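Structure, as structure tokens:
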Amino acid sequence: MKKNHPCLKALLLLLQPSIALCFVSTKNNDVPLQSKTQLQMCQLMGMNCAALTDFTFSFRGFARRGGDTDVHSHGWGLCFYDGKGIRAFHDSEPAADSLLAEFLQNHPVKTFNMVSHIRYATRGEVRLENVHPFQREMWGIAWCFAHNGDVSYFDRSIFAGNHADCPSTSPKVNEANRSCVKIPWIGKSIGVGDTGERYYNPIGKTDSEAMFCALLNALRARFDTLPSLPVLHAAIASLCNEIVALDSQYDGTTIFNFLLGCGPRIQFAYSWPGARVGSSVWNGLHYLVREPPFGRAHLSDCDYSINFASVTKDDDRVAVIATSPLTDDEDWVEVERGQLILFDDGLPHLAPDDCFEAELREHGLESDVIPSNPQLEVDMRRYQLRRDFFQGAAI
């Protein structure tokens, strides 16, 4: 292996003692700023792009929140798609002090789709198996999931308990079997009942991973052919509504924000925002779309800026999604409560019928192990998509 091989560089970095990160730029110095808030939940970041794009600028600021400008010091993770595969990086150390995070900031890699997470542990110990994003294969497609919030319905200490007020839909086990209880079932909203099978199960102890597995279990039970993106959007939206309704049985505030990657081009973002009891910190999702004409942007977590006009092309377009805005000089849009957005080609698609645009770009789900649904036109007419939208599209 050559001495300058990227993988060898990463290994060498991991063998060195931890150091505080303060990077030097050719434009200006990265000077960490003082903490403005104490966000006591995890944070999310995602990117979805029209052309292959590196994520170093946004991740540079995001990583500072992992123990420097904020308190999310219980690990971090990042997944990005490389073709149909995923390159995954996870570390139980704070992102602000992680040499692996430094490596990613200093070695730009390009992708159409990425998801990242910095953790503030509330359920599950500070261990690598509890670090997001989580990954699973379904339908021959690599899926990844990162979550921010509190969803008690998927808290093992509750659904595996024998509490008198435990909802009837939660499994009952004795104390000796607490660790091997099945995760709760969802799927009634899309017409699938609990068969008792749990094909996907969590490895760690977080409510987030249990919820990811439950979503996949329901989708796997519902579809025996690949759904079109409008149908998948509608199904995931229904499952999200079901989770919020089930969680309302518990005391406390449901906070349910996630990023879900399903293949090299598609990313879903969902937000049910809120503030933890006793905190004024708002946990939701925001996004922006950078496209021509490009301008300058300045990170809010360190004194670093870039003029995108000097490093982009006319066909570039990037959607950036984050728990809170990563820059302080751009216009970010807050995702509405209960809104599910499909991102493709660097564009937000807010409703099921909008998702046909991604299908016509040939960015729908692809699999070699499950049949595709050949009736896209039927789906398009079902959603009463206007005729002029798909005329001439060879459908």
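By order of appearance in the structure tokens: chains A, B, ..., then residues from 1 within every chain, and ligands from 1 in the order shown.
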
Check: Taking the backbone alone, and naming residues the way the document does, which bits of stretch 225-349 of chain A are strand (DSSP E or B) by DSSP, as a PyMOL selection string?
Finding: chain A and resi 226+255-262+267-272+274+283+286-290+296-299+302+305-307+318-322+327+333-334+339-344+347-349

Next item on the list: Would you kindly return, as a list in words, each protein, DNA or RNA residue with an atom no farther than 9 Å from any atom of A:Gln135, considering only C-alpha atoms and excluding same-chain residues fewer than 5 positions away?
Entry: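 Within the cut-off, the hits are Cys79, Ile86, Ala88, Ala142, Trp143, Cys144, Phe145 and Phe212 of chain A.
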
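Distance-wise, atom CA of A:Val115 and atom CA of A:Val277 end up 27.5 Å apart.
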
Notebook entry, point to check: Looking at A:Ile243, A:Val131, A:Ile190, A:Ala275, which one is nearest to A:Arg222, with distances taken over only C-alpha atoms?
Noted result: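 For A:Arg222, the nearest of the given residues is A:Ile190.
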
Check: Could you state the separation of atom CA of A:Gly149 and atom CA of A:Thr254 in Å, given to one decimal place?
Finding: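 Separation of atom CA of A:Gly149 and atom CA of A:Thr254: 7.4 Å.
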
What's the 9 Å shell around A:Ile141, counting only C-alpha atoms, without same-chain residues fewer than 3 positions away, as an mmCIF file with C-alpha atoms, in the first residue's frame?
data_model
loop_
_atom_site.group_PDB
_atom_site.id
_atom_site.type_symbol
_atom_site.label_atom_id
_atom_site.label_comp_id
_atom_site.auth_asym_id
_atom_site.auth_seq_id
_atom_site.Cartn_x
_atom_site.Cartn_y
_atom_site.Cartn_z
ATOM 1 C CA LYS A 84 -24.967 1.542 -4.489
ATOM 2 C CA GLY A 85 -22.655 1.054 -1.520
ATOM 3 C CA ARG A 136 -29.517 -2.046 7.016
ATOM 4 C CA GLU A 137 -30.069 -3.756 3.667
ATOM 5 C CA MET A 138 -33.644 -4.053 2.413
ATOM 6 C CA CYS A 262 -32.522 4.881 0.692
ATOM 7 C CA GLY A 263 -30.064 4.401 -2.107
ATOM 8 C CA LEU A 365 -35.550 2.612 -6.201
ATOM 9 C CA GLU A 366 -33.469 -0.003 -8.016
ATOM 10 C CA SER A 367 -33.045 -3.629 -7.013
#

Item checked: A:Val378, A:Leu52, A:Ala245, A:Leu232 ranked by distance to A:Val109, top pick (using only C-alpha atoms) ->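 The closest residue to A:Val109 is A:Leu52.
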
Item checked: helix (DSSP H, G or I) per DSSP on the backbone: members of stretch 146-364 of chain A, as a ChimeraX atom specification -> /A:152-154,156-159,175-180,188-190,207-222,229-247,308-310,352-360

Checklist line | d(atom CA of A:Phe268, atom CA of A:Leu215) in Å | finding: 12.9 Å

Which stretch 63-117 of chain A residues have any atom within 8 Å of an atom of stretch 301-311 of chain A, and for each, what is the nearest pair of atoms with distance in Å to one decimal, counting only C-alpha atoms, rows sorted by chain and number, as a tab-separated table?
residue	atom	partner	partner_atom	distance
A:Arg64	CA	A:Asp301	CA	6.3
A:Arg65	CA	A:Asp301	CA	7.2
A:Thr69	CA	A:Asp301	CA	6.4

Margin query: So that I can check the surroundings of stretch 54-59 of chain A, please list as a PyMOL selection string every protein, DNA and RNA residue that reaches within 8 Å of it, counting only C-alpha atoms and ignoring chain neighbours fewer than 5 positions away.
Written below: chain A and resi 47+104-111+299+326

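Using only C-alpha atoms for every distance, the candidate list A:Cys213, A:Cys355, A:Val281, A:Val320 yields A:Cys213 as the residue closest to A:Asn201.
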
Next item on the list: Between A:Tyr250, A:Ser98, A:His349, A:Val192, single out the one closest to A:Ile158, counting only C-alpha atoms.
Entry: A:Tyr250

Margin query: When you look at A:Thr206 with a cut-off of 12 Å (counting only C-alpha atoms), what residues show up, excluding the ones that are within fewer than 2 positions of it in the same chain? I need them as number ranges by chain.
Written below: A: 119-134, 146-157, 183, 201-204, 208-213

Note to self: Show me, as a list in words, the residues that have an atom within 7 Å of stretch 184-187 of chain A when counting only C-alpha atoms, minus same-chain residues fewer than 3 positions from it.
What the structure shows: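 The filter keeps Phe154, Ser170, Ile190, Gly191, Val192, Gly193, Asp194, Ala214, Ala218 and Leu239 of chain A.
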